[in-house]
Every structure is written in structure tokens, then in C-alpha cells.
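J.: Please find coords.txt (compact mmCIF, C-alpha atoms) on the next line:
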# COMPACT_ATOMS: atom_id res chain seq x y z
CA MET V 10 108.76 117.74 101.49
CA ALA V 11 107.08 119.00 104.65
CA VAL V 12 103.36 118.39 104.91
CA THR V 13 100.68 119.93 107.08
CA VAL V 14 99.43 117.65 109.85
CA LYS V 15 95.89 118.29 111.08
CA THR V 16 94.75 116.46 114.19
CA PHE V 17 91.08 116.42 115.19
CA ALA V 18 89.26 115.26 118.29
CA SER V 19 86.34 113.71 116.40
CA ALA V 20 86.08 111.48 113.36
CA GLY V 21 83.44 113.84 111.96
CA GLU V 22 85.82 116.79 111.91
CA ALA V 23 88.54 114.64 110.35
CA ALA V 24 86.10 113.45 107.69
CA GLY V 25 85.24 117.07 106.91
CA ALA V 26 88.90 117.98 106.49
CA LEU V 27 89.49 114.91 104.34
CA SER V 28 86.59 115.53 101.98
CA SER V 29 87.44 119.21 101.46
CA ASP V 30 91.07 118.72 100.43
CA ARG V 31 92.10 116.48 97.50
CA SER V 32 95.70 116.39 98.69
CA ALA V 33 94.76 115.20 102.19
CA ARG V 34 95.31 111.59 103.28
CA TYR V 35 94.07 110.07 106.49
CA LEU V 36 96.79 108.61 108.72
CA GLY V 37 95.78 105.40 110.45
CA GLY V 38 98.71 103.18 111.42
CA GLY V 39 101.07 104.87 108.99
CA THR V 40 102.06 101.82 106.98
CA LEU V 41 100.59 103.24 103.76
CA VAL V 42 100.73 107.02 104.19
CA MET V 43 104.21 107.26 105.74
CA ARG V 44 105.51 104.83 103.16
CA ALA V 45 104.14 107.11 100.43
CA LEU V 46 105.87 110.11 102.03
CA ASN V 47 109.13 108.18 102.32
CA GLU V 48 108.88 107.39 98.62
CA GLY V 49 108.46 111.09 97.81
CA ASP V 50 104.77 111.03 96.90
CA VAL V 51 104.13 114.74 96.31
CA SER V 52 100.38 114.22 95.91
CA VAL V 53 100.09 114.16 99.72
CA SER V 54 100.41 117.65 101.19
CA THR V 55 98.08 117.28 104.19
CA ILE V 56 97.88 114.49 106.74
CA VAL V 57 94.63 114.20 108.65
CA ARG V 58 94.41 112.40 112.00
CA ALA V 59 91.64 111.86 114.56
CA ARG V 60 91.96 111.00 118.22
CA ASP V 61 88.35 109.74 118.34
CA GLN V 62 88.22 106.68 120.60
CA ALA V 63 85.30 105.30 118.61
CA LEU V 64 87.80 104.53 115.85
CA THR V 65 89.65 102.03 118.07
CA ARG V 66 86.60 100.35 119.60
CA ILE V 67 86.00 96.61 119.28
CA ASP V 68 82.54 95.12 119.75
CA ALA V 69 83.00 91.38 119.48
CA SER V 70 80.66 90.03 122.13
CA GLY V 71 77.64 89.24 119.96
CA PRO V 72 76.94 87.52 116.64
CA ARG V 73 77.66 90.77 114.79
CA VAL V 74 81.26 91.96 115.15
CA THR V 75 82.26 95.60 114.69
CA LEU V 76 85.86 96.81 114.52
CA GLY V 77 86.76 100.48 114.55
CA ALA V 78 88.83 101.44 111.53
CA GLY V 79 91.80 102.25 113.77
CA VAL V 80 91.93 98.81 115.40
CA SER V 81 95.38 97.29 114.81
CA PHE V 82 96.00 93.69 113.80
CA ALA V 83 97.82 93.13 117.10
CA ARG V 84 94.60 94.05 118.91
CA VAL V 85 92.59 91.67 116.73
CA LEU V 86 95.06 88.93 117.68
CA ALA V 87 94.73 89.80 121.38
CA GLU V 88 90.95 89.43 121.29
CA ARG V 89 89.78 85.89 122.02
CA ASP V 90 86.32 86.61 120.64
CA LEU V 91 87.89 87.38 117.25
CA ALA V 92 89.54 83.96 116.84
CA PHE V 93 88.01 83.55 113.38
CA LEU V 94 90.02 86.61 112.24
CA HIS V 95 93.31 85.57 113.81
CA ALA V 96 94.66 83.73 110.76
CA PRO V 97 94.22 86.73 108.42
CA ALA V 98 95.59 89.14 111.05
CA ARG V 99 98.62 86.91 111.72
CA SER V 100 99.39 86.65 108.01
CA ILE V 101 100.19 90.36 107.79
CA GLY V 102 103.77 91.58 108.20
CA GLY V 103 105.82 91.01 111.32
CA PRO V 104 104.89 92.08 114.87
CA ALA V 105 105.80 95.73 114.26
CA VAL V 106 103.56 95.98 111.20
CA ARG V 107 100.75 94.27 113.12
CA ASN V 108 101.18 96.75 115.98
CA MET V 109 100.77 99.60 113.50
CA GLY V 110 98.60 98.47 110.58
CA THR V 111 94.86 98.96 110.94
CA VAL V 112 91.71 97.25 109.77
CA GLY V 113 90.55 100.43 108.02
CA GLY V 114 93.87 101.09 106.32
CA ASN V 115 93.98 97.54 104.97
CA LEU V 116 90.91 98.33 102.85
CA PHE V 117 93.11 100.70 100.84
CA ALA V 118 96.24 98.53 100.66
CA PRO V 119 97.20 97.78 97.05
CA ASN V 120 98.41 94.40 95.80
CA PRO V 121 100.28 92.41 97.05
CA TYR V 122 98.86 93.60 100.40
CA GLY V 123 95.34 93.92 101.76
CA ASP V 124 95.03 90.34 103.04
CA PHE V 125 92.69 91.16 105.93
CA THR V 126 90.30 92.70 103.42
CA VAL V 127 90.13 89.36 101.59
CA ALA V 128 88.76 87.82 104.78
CA LEU V 129 86.30 90.67 105.24
CA LEU V 130 85.10 90.29 101.65
CA ALA V 131 84.38 86.58 102.17
CA LEU V 132 82.47 87.52 105.31
CA ASP V 133 80.29 90.04 103.42
CA ALA V 134 81.44 92.87 105.68
CA THR V 135 79.81 96.27 105.80
CA ILE V 136 81.97 99.40 105.76
CA ALA V 137 80.79 102.48 107.65
CA VAL V 138 82.15 105.63 106.01
CA GLN V 139 81.73 109.32 106.59
CA GLY V 140 82.21 111.88 103.86
CA SER V 141 80.81 115.16 102.70
CA PHE V 142 77.48 113.35 102.20
CA GLY V 143 77.33 112.30 105.85
CA ALA V 144 77.72 108.81 107.30
CA ARG V 145 76.54 105.68 105.51
CA ASP V 146 77.12 101.97 105.30
CA ILE V 147 78.49 100.39 102.12
CA ALA V 148 78.74 96.70 101.26
CA ILE V 149 82.42 95.80 101.07
CA GLU V 150 82.18 94.63 97.48
CA GLU V 151 80.75 97.97 96.39
CA PHE V 152 83.34 99.79 98.51
CA LEU V 153 86.22 97.95 96.85
CA GLN V 154 84.86 98.48 93.35
CA SER V 155 84.82 102.23 93.98
CA ARG V 156 87.91 102.32 96.20
CA GLU V 157 89.72 104.91 94.11
CA ARG V 158 86.82 107.30 94.62
CA GLN V 159 86.65 106.66 98.38
CA SER V 160 89.83 108.55 99.22
CA GLY V 161 87.85 111.61 100.31
CA ALA V 162 85.78 109.59 102.76
CA LEU V 163 86.82 108.43 106.21
CA VAL V 164 86.24 104.79 107.09
CA LEU V 165 84.77 104.64 110.58
CA SER V 166 84.39 100.89 111.14
CA VAL V 167 83.92 97.51 109.54
CA SER V 168 81.39 94.96 110.68
CA CYS V 169 80.55 91.39 109.80
CA THR V 170 78.59 88.45 111.10
CA ARG V 171 80.54 85.88 113.07
CA PRO V 172 80.80 82.56 111.15
CA ALA V 173 78.60 79.82 112.59
CA SER V 174 81.60 77.54 113.18
CA ALA V 175 85.35 77.35 112.71
CA GLU V 176 84.74 75.05 109.73
CA ALA V 177 82.54 77.64 108.05
CA PHE V 178 85.34 80.15 107.55
CA ARG V 179 88.71 79.33 106.04
CA TYR V 180 91.67 81.47 105.07
CA ARG V 181 94.96 80.91 103.32
CA LYS V 182 97.72 83.24 102.18
CA ILE V 183 100.29 82.01 99.70
CA ALA V 184 103.56 83.87 100.17
CA ARG V 185 107.12 83.12 99.15
CA ILE V 186 108.63 84.52 102.34
CA LYS V 187 107.24 82.92 105.51
CA PRO V 188 105.95 83.75 108.01
CA LYS V 189 105.64 87.20 106.45
CA GLY V 190 105.80 88.40 102.89
CA GLY V 191 103.59 89.88 100.22
CA SER V 192 100.78 87.79 98.80
CA VAL V 193 101.23 85.63 95.72
CA ILE V 194 97.54 84.92 96.15
CA THR V 195 95.24 85.08 99.18
CA LEU V 196 92.03 83.08 99.58
CA ALA V 197 89.17 83.19 102.06
CA ALA V 198 86.02 81.08 102.04
CA HIS V 199 82.82 81.47 104.02
CA LEU V 200 80.70 78.35 103.68
CA PRO V 201 77.50 78.50 105.73
CA VAL V 202 75.73 75.14 105.76
CA SER V 203 72.00 74.60 105.95
CA GLY V 204 70.59 71.07 105.99
CA GLY V 205 73.95 69.64 104.94
CA ARG V 206 74.20 71.90 101.92
CA ILE V 207 76.13 75.12 101.37
CA ALA V 208 73.88 78.17 101.41
CA GLY V 209 75.37 81.58 100.68
CA ALA V 210 78.92 80.55 99.71
CA ARG V 211 81.44 83.38 99.55
CA ILE V 212 84.92 82.92 98.08
CA ALA V 213 87.24 85.94 98.08
CA LEU V 214 90.62 86.30 96.38
CA GLY V 215 93.51 88.70 96.86
CA SER V 216 96.17 89.51 94.24
CA MET V 217 93.94 88.10 91.49
CA ALA V 218 92.64 91.49 90.26
CA PRO V 219 93.38 95.19 90.87
CA THR V 220 91.35 94.91 94.11
CA GLN V 221 90.20 91.96 96.17
CA ILE V 222 87.43 90.14 94.30
CA ARG V 223 84.90 87.38 94.78
CA ALA V 224 85.31 84.16 92.82
CA LYS V 225 81.71 84.02 91.71
CA GLY V 226 82.19 81.01 89.43
CA ALA V 227 83.50 79.00 92.36
CA GLU V 228 80.67 80.25 94.55
CA ARG V 229 78.09 79.04 91.99
CA ALA V 230 79.79 75.64 91.90
CA LEU V 231 79.44 75.34 95.68
CA GLU V 232 75.97 76.76 96.16
CA GLY V 233 73.31 74.30 97.24
CA ARG V 234 75.72 71.36 97.26
CA SER V 235 77.45 69.38 99.96
CA LEU V 236 81.21 69.86 100.21
CA ASP V 237 82.23 66.59 98.54
CA ALA V 238 85.11 65.85 96.18
CA ALA V 239 83.09 66.53 93.02
CA THR V 240 81.86 69.89 94.31
CA ILE V 241 85.34 70.91 95.40
CA ALA V 242 86.76 69.93 91.99
CA ALA V 243 84.09 72.00 90.23
CA ALA V 244 84.78 75.02 92.43
CA ALA V 245 88.54 74.68 91.90
CA SER V 246 88.18 74.56 88.13
CA ALA V 247 86.07 77.74 88.22
CA ALA V 248 88.39 79.60 90.60
CA SER V 249 90.16 81.72 87.99
CA GLU V 250 86.94 82.74 86.22
CA GLY V 251 86.64 86.52 86.07
CA THR V 252 90.09 87.15 87.52
CA SER V 253 92.65 89.56 86.06
CA PRO V 254 95.89 89.15 88.02
CA SER V 255 98.99 91.08 87.12
CA ASP V 256 102.69 90.28 87.02
CA ASN V 257 104.85 91.41 89.91
CA ALA V 258 108.06 90.34 91.60
CA LEU V 259 106.22 87.70 93.64
CA GLY V 260 104.58 85.91 90.73
CA SER V 261 103.37 86.22 87.16
CA ALA V 262 99.73 86.56 86.17
CA TRP V 263 100.03 83.16 84.45
CA TYR V 264 101.34 81.54 87.64
CA ARG V 265 98.58 83.05 89.75
CA ARG V 266 95.90 81.72 87.38
CA GLU V 267 97.55 78.29 87.43
CA ILE V 268 97.70 77.97 91.21
CA VAL V 269 94.49 79.61 92.37
CA GLY V 270 92.42 76.47 91.71
CA VAL V 271 95.00 74.24 93.37
CA HIS V 272 94.96 76.30 96.55
CA LEU V 273 91.17 76.65 96.54
CA ARG V 274 90.90 72.86 96.33
CA ARG V 275 93.29 72.50 99.28
CA LEU V 276 91.44 75.14 101.28
CA LEU V 277 88.04 73.55 100.69
CA SER V 278 89.26 70.02 101.37
CA GLY V 279 91.03 71.06 104.57
CA GLN V 280 94.52 70.13 103.35
CA GLU V 281 97.60 71.95 104.62
CA MET C 8 106.17 125.76 106.94
CA SER C 9 106.04 126.08 110.72
CA LYS C 10 107.61 123.53 113.02
CA THR C 11 105.69 121.63 115.67
CA PRO C 12 106.97 121.25 119.25
CA LEU C 13 107.19 117.64 120.37
CA GLN C 14 107.95 116.20 123.80
CA PHE C 15 108.45 112.53 124.59
CA ARG C 16 110.61 110.18 126.65
CA HIS C 17 113.68 108.84 124.91
CA ASN C 18 115.37 105.95 126.70
CA GLY C 19 114.05 107.18 130.04
CA ARG C 20 114.96 110.82 129.48
CA ASP C 21 112.51 113.63 128.65
CA VAL C 22 113.31 115.35 125.38
CA ALA C 23 111.76 118.30 123.55
CA ILE C 24 112.30 118.99 119.86
CA PHE C 25 110.67 120.83 116.96
CA VAL C 26 109.69 118.79 113.90
CA ASP C 27 108.59 119.65 110.38
CA GLY C 28 105.17 118.32 109.42
CA GLY C 29 105.41 114.78 108.10
CA THR C 30 108.78 114.03 109.73
CA ASN C 31 109.06 110.37 110.59
CA LEU C 32 110.31 109.16 113.96
CA LEU C 33 113.48 107.66 112.47
CA VAL C 34 114.55 111.04 111.10
CA ALA C 35 113.61 112.75 114.38
CA LEU C 36 115.71 110.29 116.39
CA ARG C 37 118.74 110.34 114.12
CA GLU C 38 118.86 113.97 113.01
CA LEU C 39 117.24 115.84 115.91
CA ILE C 40 118.11 113.68 118.94
CA GLY C 41 121.41 112.32 117.62
CA ASP C 42 120.47 108.71 118.36
CA MET C 43 122.00 106.89 115.39
CA THR C 44 121.18 103.35 116.56
CA PRO C 45 117.94 102.86 114.59
CA LYS C 46 119.01 102.38 110.96
CA PHE C 47 117.32 103.40 107.73
CA GLY C 48 116.77 100.33 105.59
CA CYS C 49 113.89 100.26 103.13
CA GLY C 50 111.62 103.08 104.27
CA GLN C 51 108.69 100.80 103.41
CA GLY C 52 108.21 98.73 106.56
CA GLY C 53 109.74 95.66 105.00
CA CYS C 54 113.14 95.27 106.66
CA GLY C 55 112.68 96.12 110.36
CA THR C 56 116.10 97.62 110.97
CA CYS C 57 114.51 100.90 112.13
CA SER C 58 112.48 99.08 114.83
CA VAL C 59 112.06 100.88 118.15
CA LEU C 60 109.81 100.26 121.12
CA ILE C 61 106.95 102.69 121.67
CA ASP C 62 105.41 102.17 125.11
CA GLY C 63 107.00 98.71 125.02
CA GLU C 64 105.60 97.66 121.63
CA THR C 65 107.73 97.17 118.52
CA HIS C 66 107.07 99.83 115.89
CA LEU C 67 108.79 100.81 112.67
CA SER C 68 110.21 104.26 113.23
CA CYS C 69 110.41 104.97 109.48
CA LEU C 70 106.62 104.59 109.22
CA THR C 71 105.77 106.43 112.44
CA LEU C 72 104.75 110.06 112.14
CA ALA C 73 106.86 111.84 114.75
CA GLU C 74 103.92 113.91 115.95
CA THR C 75 102.07 110.77 117.04
CA ILE C 76 104.61 110.00 119.77
CA ALA C 77 103.94 113.11 121.87
CA GLY C 78 103.99 112.12 125.55
CA ARG C 79 104.95 108.52 124.81
CA SER C 80 108.01 106.51 125.77
CA ILE C 81 110.52 105.48 123.08
CA GLU C 82 113.23 102.85 123.60
CA THR C 83 116.06 102.37 121.14
CA LEU C 84 119.19 100.31 121.10
CA ASP C 85 121.03 103.36 122.45
CA GLY C 86 119.29 102.87 125.78
CA MET C 87 119.71 99.11 126.00
CA LYS C 88 123.11 98.97 127.70
CA GLN C 89 122.84 98.66 131.49
CA GLY C 90 125.39 101.11 132.86
CA PRO C 91 128.85 99.92 131.85
CA ASN C 92 127.53 96.43 131.06
CA LEU C 93 125.95 95.11 127.90
CA HIS C 94 122.32 94.03 128.12
CA PRO C 95 122.08 90.20 128.29
CA LEU C 96 120.71 90.21 124.74
CA GLN C 97 123.66 92.25 123.46
CA ARG C 98 126.07 89.90 125.26
CA ALA C 99 124.30 86.87 123.78
CA PHE C 100 124.52 88.37 120.28
CA ALA C 101 128.27 88.86 120.75
CA ASP C 102 128.79 85.40 122.23
CA ASN C 103 126.79 83.68 119.49
CA PHE C 104 128.32 85.62 116.56
CA ALA C 105 124.82 86.86 115.79
CA ALA C 106 125.96 90.07 114.10
CA GLN C 107 127.52 89.64 110.66
CA CYS C 108 127.36 92.91 108.74
CA GLY C 109 125.42 94.23 111.74
CA TYR C 110 122.94 96.35 109.83
CA CYS C 111 119.91 94.38 111.00
CA THR C 112 121.21 94.11 114.58
CA PRO C 113 119.56 97.20 116.12
CA GLY C 114 116.12 96.13 114.89
CA MET C 115 116.71 92.49 115.78
CA LEU C 116 117.71 93.46 119.32
CA MET C 117 114.65 95.67 119.78
CA ALA C 118 112.33 92.95 118.45
CA ALA C 119 114.02 90.46 120.76
CA LYS C 120 113.75 92.80 123.75
CA ALA C 121 110.03 93.31 123.12
CA LEU C 122 109.61 89.53 123.05
CA LEU C 123 111.60 88.79 126.22
CA ASP C 124 109.98 91.67 128.13
CA ARG C 125 106.62 90.07 127.38
CA ASN C 126 107.63 86.39 127.42
CA PRO C 127 110.85 85.60 129.34
CA SER C 128 110.84 81.93 128.28
CA PRO C 129 109.96 81.89 124.58
CA SER C 130 109.97 78.81 122.39
CA ARG C 131 112.02 78.71 119.21
CA ALA C 132 108.79 79.31 117.27
CA ASP C 133 108.08 82.37 119.42
CA VAL C 134 111.53 83.77 118.60
CA ILE C 135 111.10 83.16 114.87
CA GLU C 136 107.71 84.86 115.00
CA ALA C 137 109.12 87.82 116.96
CA ILE C 138 111.86 88.55 114.42
CA SER C 139 109.75 87.71 111.37
CA GLY C 140 109.53 91.39 110.45
CA ASN C 141 113.30 91.84 110.52
CA ILE C 142 115.37 90.96 107.48
CA CYS C 143 118.98 89.81 107.84
CA ARG C 144 120.66 90.35 104.48
CA CYS C 145 123.51 88.04 105.49
CA THR C 146 120.87 85.30 106.07
CA GLY C 147 122.38 84.63 109.48
CA TYR C 148 119.12 83.88 111.23
CA GLU C 149 120.27 80.76 113.08
CA PRO C 150 122.90 82.52 115.27
CA ILE C 151 120.36 85.28 115.97
CA ILE C 152 117.69 82.79 117.03
CA ASN C 153 120.22 80.93 119.18
CA ALA C 154 121.39 84.18 120.78
CA ILE C 155 117.85 85.20 121.73
CA LEU C 156 117.10 81.75 123.12
CA GLY C 157 120.43 81.87 124.96
CA ALA C 158 119.63 85.25 126.48
CA ALA C 159 116.25 83.95 127.57
CA GLY C 160 117.92 80.97 129.22
CA GLY C 161 120.37 83.27 130.95
CA ARG C 162 117.55 85.44 132.19
CA ALA C 163 115.62 82.44 133.42
CA SER C 164 118.59 81.13 135.36
CA ALA C 165 119.66 84.54 136.66
Could I get this structure in the form of C-alpha cells?
T.:
Amino acid sequence: MAVTVKTFASAGEAAGALSSDRSARYLGGGTLVMRALNEGDVSVSTIVRARDQALTRIDASGPRVTLGAGVSFARVLAERDLAFLHAPARSIGGPAVRNMGTVGGNLFAPNPYGDFTVALLALDATIAVQGSFGARDIAIEEFLQSRERQSGALVLSVSCTRPASAEAFRYRKIARIKPKGGSVITLAAHLPVSGGRIAGARIALGSMAPTQIRAKGAERALEGRSLDAATIAAAASAASEGTSPSDNALGSAWYRREIVGVHLRRLLSGQE
Amino acid sequence: MSKTPLQFRHNGRDVAIFVDGGTNLLVALRELIGDMTPKFGCGQGGCGTCSVLIDGETHLSCLTLAETIAGRSIETLDGMKQGPNLHPLQRAFADNFAAQCGYCTPGMLMAAKALLDRNPSPSRADVIEAISGNICRCTGYEPIINAILGAAGGRASA
């Protein structure tokens, strides 16, 4: 079915077009929207695009990192200042998908995709969106919880604070097909340390619920403690708390609940 | 529904076509340009057999909105041959028996070309990474990897 393609010079105009038409979808890299069209999704009758260069801007020089929603994973990988995000970017697709897929689009990717968003959730990212209400910043957790209602808003950028050290941020994607493949589960951990103890632990999981979620039980087990064997064991045993994975071709819900603690223990203890 | 005019470079030649809204690049190449070398596989970005180069970067033509390539340069397997001679990568694929059913071959060759254009002396790990988005249903990856490494060696010694 032919669709109407509307291309705008500014993100603001594109956001206006998006919020005024329920059947409109924003085209970033194409890996979600074009796939939907190829599958015959008749709910999409208008494609909205924007040529706004602000959407592809990277500001990675300071402690606060901002990525335009249209920044591709290949560009993240090419940026030395974004080394802490290289593992999540590299875990997505093959080179072609990484040349196309965008940071903003990943926020809307359903299971078993959306791995970059798992990293952003562990990093407490902020999402800048523009809709009919104007522009505003939303905490990523709130954004994900209301993701289905965000389709009329345009994501402008994501931003997060750079981890204090390489040790403070860890990421792991469990996939059956390597080096690419959909996620069986995906884990990211941000473990800031103050005075030898973890302060502000964030553990994020992908493919363990309808959207990416935080493992709050595991976070509580880590908070205020040093990262020793007993703490890691406690966090691992709490990893599946509050999760609601589903069955798909890559793994059953039962399997995901069984392995999430194992992989969290390995992630926290630095094992391969 | 009106059609949109679209101009771009296709294997070094300027082309102008009209596309329906929402047409993907794979359909535009095969049905409007007559370039049948990129193949339709999954339509989901999972198999890589529709891979083409856009301004030298590997992209999946099935997931590329045709209208986004206005003014850009597209390379497909159709433009790989060098006059009457096969490209060194094509020769290496033939010499190494790297094409079994052959369905993945166009995408594999484009992914390999993008790699060697950027990195003429790749490691085995680089080659595996470069073709990681391309599925071979015959599971014949070893001859493909060897062919790409062989072509790189040939280039280096040429």
C-alpha cells in the first residue's frame, strides 16, 4: 500500500505533523517503520521525516553526553568519547543495521530488540521529546512505561551522565546467534561507588518484561554495600523479582527467569 | 496517490525514476531500474541479502525508504564487475567455492566490498564482523571468509 511521505526541514514541524495524525510514524533509520510496511502494517499511512541537523548531533565532550535521536549506532561506535556505549552499540545487528538504526528509534524497538535502551535505562538517561504540548524532558523509566502513548511525540535526543569509570558501567547481551541476534536477555549495570560502597546502583534488563525494566530488587541488594561475593549473590537471587518475561522463539519465559540471575552474577563479578 | 520524482547515482550512472510513497530501495532497484542483483530475503533486516552500498556504507535496501536516497550514490553487485573482468572479490568467491545456493552472495559481496574499501588488510575477526549481518542458509561461512581474506591478500600483493 502506498503511503504519504512528508519531509520537514525542522524537528518542530515534523513533531507537529506527527502529533496531528494518528496514522503517522516517524522514520528514523527505517529498521522499524520500513519493516512494518514490508509486513503490510496498514496502520501506517503517513511517514514523517525531518532533515533537522540537530537530530544527528553528538555532544560527548563533557561529563553529560547528549545524542541526537537520529544518531546511528555506527556513529556511536566511531566516537572515541562514547567508549562506554560501544558494547551496547556493537551488540545490535550487523554493520548494515548499525549504519541505519538510531538511538531514538531503539527506544521504540519491541522485544527481542531495544538493547541500546537497556544501557540508557541503567544510565538513568533523560529523553527530550516534542509533541503537541511542546518540548519537555522525560526520565527514561517514565518514557518506557508510557511508550505506547508516546507514538505521537517526536524524540529529539537522549542524554546521560558519563560513568565515572569503565568499571562503573557494565553491559551484556545474551543471544543465541553471535555476533548478532535477538536478545534472550540483555543486562546493563551502573554501579557508582562512593567511599568503597555502591551508591545509586542501577540494573536494567531487556527481554524480561514488555519493555526494558529496572531490576529494583537487585539494586536494593547492592545499595550501600561493597561489591563482594555475598552482595553479588544477593543481587543475583533478586534479579528476577518483578520481571514478566514472555515466551518467544529465542527462549521461554521460564528459561529467562532461570538465567537472569546467573548472568547478573557473572556481569557483577566480571566473569566472561 | 501521486508519484515522487527521484534522482540518484546507480553504479556510477545518474538515474531518474518516479516512486510511490513508501517504496523501499530494493523494490525501486529491481522493479524500476531493472537491477536484479540485490535479492529479497526476509524484508525485516535479518538476512542481509538485499545489502547495497549507499555512499560507501552498507545498508539494507529492503529497509531503506527510496525517497531518502535522493542525490546519493548507490552501489550494487551489478556494478562490481570491472569491465570484462570479475572484481577480485567475485573471482575469490568463485575460486574458493564460496557460493553454494548463491542467494546470500550479492549481500555477502557488498558487505565484503565495504570492508575491503575501508580496510584492505582485515583480520579474520574483521571479516566475520563485516558479514555478521548476512545469513548464509547453506551455512557455508568458512569458504566465504576464506574468499574475502584471499581477495584481501590478492589486493595487498597486487
J.: Smallest atom-to-atom distance to C:Glu64: which of V:Gly71, V:Met109, V:Thr240, V:Glu281, using only C-alpha atoms?
T.: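 Closest residue, counting only C-alpha atoms: V:Met109.
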J.: Using Å and a single decimal, report how far atom CA of C:Tyr110 sits from atom CA of C:Ala158.
T.: 20.3 Å
J.: May I have a table of the residues of chain C lying at most 10 Å from chain V, giving each one's closest pair of atoms and their distance in Å to one decimal, counting all atoms listed in the file, ordered by chain and ascending residue number, as a tab-separated table?
T.:
residue	atom	partner	partner_atom	distance
C:Met8	CA	V:Ala11	CA	7.2
C:Ser9	CA	V:Thr13	CA	8.9
C:Lys10	CA	V:Ala11	CA	9.5
C:Thr11	CA	V:Val14	CA	9.4
C:Val26	CA	V:Ala11	CA	9.6
C:Asp27	CA	V:Ala11	CA	6.0
C:Gly28	CA	V:Val12	CA	4.9
C:Gly29	CA	V:Val12	CA	5.2
C:Thr30	CA	V:Ala11	CA	7.3
C:Asn31	CA	V:Met43	CA	7.5
C:Cys49	CA	V:Asn47	CA	9.3
C:Gly50	CA	V:Asn47	CA	6.0
C:Gln51	CA	V:Arg44	CA	5.1
C:Gly52	CA	V:Thr40	CA	6.9
C:Gly53	CA	V:Gly102	CA	7.9
C:Cys54	CA	V:Gly103	CA	9.7
C:Gly55	CA	V:Ala105	CA	7.9
C:Ser58	CA	V:Ala105	CA	7.5
C:Val59	CA	V:Ala105	CA	9.0
C:Leu60	CA	V:Ala105	CA	9.1
C:Glu64	CA	V:Asn108	CA	7.2
C:Thr65	CA	V:Ala105	CA	4.9
C:His66	CA	V:Ala105	CA	4.6
C:Leu67	CA	V:Ala105	CA	6.1
C:Ser68	CA	V:Ala105	CA	9.7
C:Cys69	CA	V:Met43	CA	7.6
C:Leu70	CA	V:Met43	CA	5.0
C:Thr71	CA	V:Gly39	CA	6.0
C:Leu72	CA	V:Met43	CA	7.0
C:Glu74	CA	V:Val14	CA	8.4
C:Thr75	CA	V:Arg58	CA	9.3
C:Ala118	CA	V:Ala105	CA	8.2
C:Ala121	CA	V:Pro104	CA	9.8
C:Leu122	CA	V:Pro104	CA	9.8
C:Ile135	CA	V:Pro188	CA	8.6
C:Glu136	CA	V:Pro188	CA	7.3
C:Ala137	CA	V:Pro104	CA	6.4
C:Ile138	CA	V:Gly103	CA	7.2
C:Ser139	CA	V:Gly103	CA	5.1
C:Gly140	CA	V:Gly103	CA	3.8
C:Asn141	CA	V:Gly103	CA	7.6
J.: What does the distance between atom CA of V:Leu86 and atom CA of V:Ala98 come to in Å, to one decimal place?
T.: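 Between atom CA of V:Leu86 and atom CA of V:Ala98 the gap is 6.7 Å.
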J.: Quick one, how far is atom CA of V:Phe125 from atom CA of V:Asp50?
T.: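 Those two atoms sit 24.9 Å apart.
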J.: Between V:Gly110, V:Val202, V:Ala23, V:Ser70, which residue has the minimum interatomic distance to V:Glu176, considering only C-alpha atoms?
T.: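 Ranking V:Gly110, V:Val202, V:Ala23, V:Ser70 by distance to V:Glu176, first place goes to V:Val202.
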J.: Which neighbours of C:Lys120 fall inside 10 Å, counting all atoms listed in the file, when residues of the same chain fewer than 3 positions from it are skipped, and could you give them as a short mmCIF file (atom, residue, chain, number, x, y, z; two decimals) with C-alpha atoms, keeping the file's coordinate frame?
T.:
data_model
loop_
_atom_site.label_atom_id
_atom_site.label_comp_id
_atom_site.auth_asym_id
_atom_site.auth_seq_id
_atom_site.Cartn_x
_atom_site.Cartn_y
_atom_site.Cartn_z
CA VAL C 59 112.06 100.88 118.15
CA LEU C 60 109.81 100.26 121.12
CA GLY C 63 107.00 98.71 125.02
CA GLU C 64 105.60 97.66 121.63
CA THR C 65 107.73 97.17 118.52
CA LEU C 84 119.19 100.31 121.10
CA MET C 87 119.71 99.11 126.00
CA HIS C 94 122.32 94.03 128.12
CA PRO C 95 122.08 90.20 128.29
CA LEU C 96 120.71 90.21 124.74
CA GLN C 97 123.66 92.25 123.46
CA GLY C 114 116.12 96.13 114.89
CA MET C 115 116.71 92.49 115.78
CA LEU C 116 117.71 93.46 119.32
CA MET C 117 114.65 95.67 119.78
CA LEU C 123 111.60 88.79 126.22
CA ASP C 124 109.98 91.67 128.13
CA ARG C 125 106.62 90.07 127.38
CA ASN C 126 107.63 86.39 127.42
CA PRO C 127 110.85 85.60 129.34
CA ALA C 137 109.12 87.82 116.96
CA ILE C 155 117.85 85.20 121.73
CA ALA C 158 119.63 85.25 126.48
CA ALA C 159 116.25 83.95 127.57
#
J.: For V:Leu259, list every protein, DNA or RNA residue within 10 Å, evaluated using all atoms listed in the file, and leave out those in the same chain fewer than 6 positions away; present the list as a PyMOL selection string.
T.: chain V and resi 121+184-186+190-194+265
J.: In terms of the shortest atom-to-atom distance over all atoms listed in the file, which of V:Lys182, V:Arg274, V:Arg84, V:Arg266 is closest to V:Leu231?
T.: V:Arg274
J.: Between V:Glu22, V:Glu151, V:Glu88, V:Asp124, which is the closest to V:Arg66 once you count all atoms listed in the file?
T.: V:Glu88
J.: Which one of C:Ile152, C:Ala35, C:Cys143, C:Ala73 sits closest to C:Cys111 if you count all atoms listed in the file?
T.: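 Ranked by minimum distance to C:Cys111, first place goes to C:Cys143.
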J.: Between V:Arg60, V:Cys169, V:Ser29, V:Ser278, which is the closest to V:Phe17 once you count all atoms listed in the file?
T.: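 Using all atoms listed in the file, the shortest distance to V:Phe17 belongs to V:Arg60.
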J.: For the point (77.9, 91.7, 114.2) in file coordinates, what residues are within 9 Å, counting all atoms listed in the file? Give the answer as a list in words?
T.: Asp68, Ala69, Ser70, Gly71, Pro72, Arg73, Val74, Thr75, Ser168, Cys169, Thr170 and Arg171 of chain V
J.: Which residues, written as a list in words, have at least one atom at most 12 Å from V:Gly279, with all atoms listed in the file counted and residues fewer than 6 positions away on the same chain left out?
T.: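 Here the qualifying residues turn out to be Ala175, Glu176, Ala177, Phe178, Arg179, Tyr180, Arg181, Ala198, Leu236, Asp237, Ala238, Ile241, His272 and Leu273 of chain V.
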J.: Fewer than 6 positions away in the same chain doesn't count, so skip those; otherwise give me all residues within 10 Å of C:Arg16, counting all atoms listed in the file, as a PyMOL selection string.
T.: chain C and resi 22-23+61-62+76-82
J.: How big is the axis-aligned box, and where does its centre sit, when it encloses all atoms of stretch 15-34 of chain C listed in the file and has 6 Å added on every side, reported in Å to one decimal as lines of an AutoDock Vina configuration file?
T.:
center_x = 110.3
center_y = 113.4
center_z = 119.1
size_x = 22.2
size_y = 26.9
size_z = 33.9
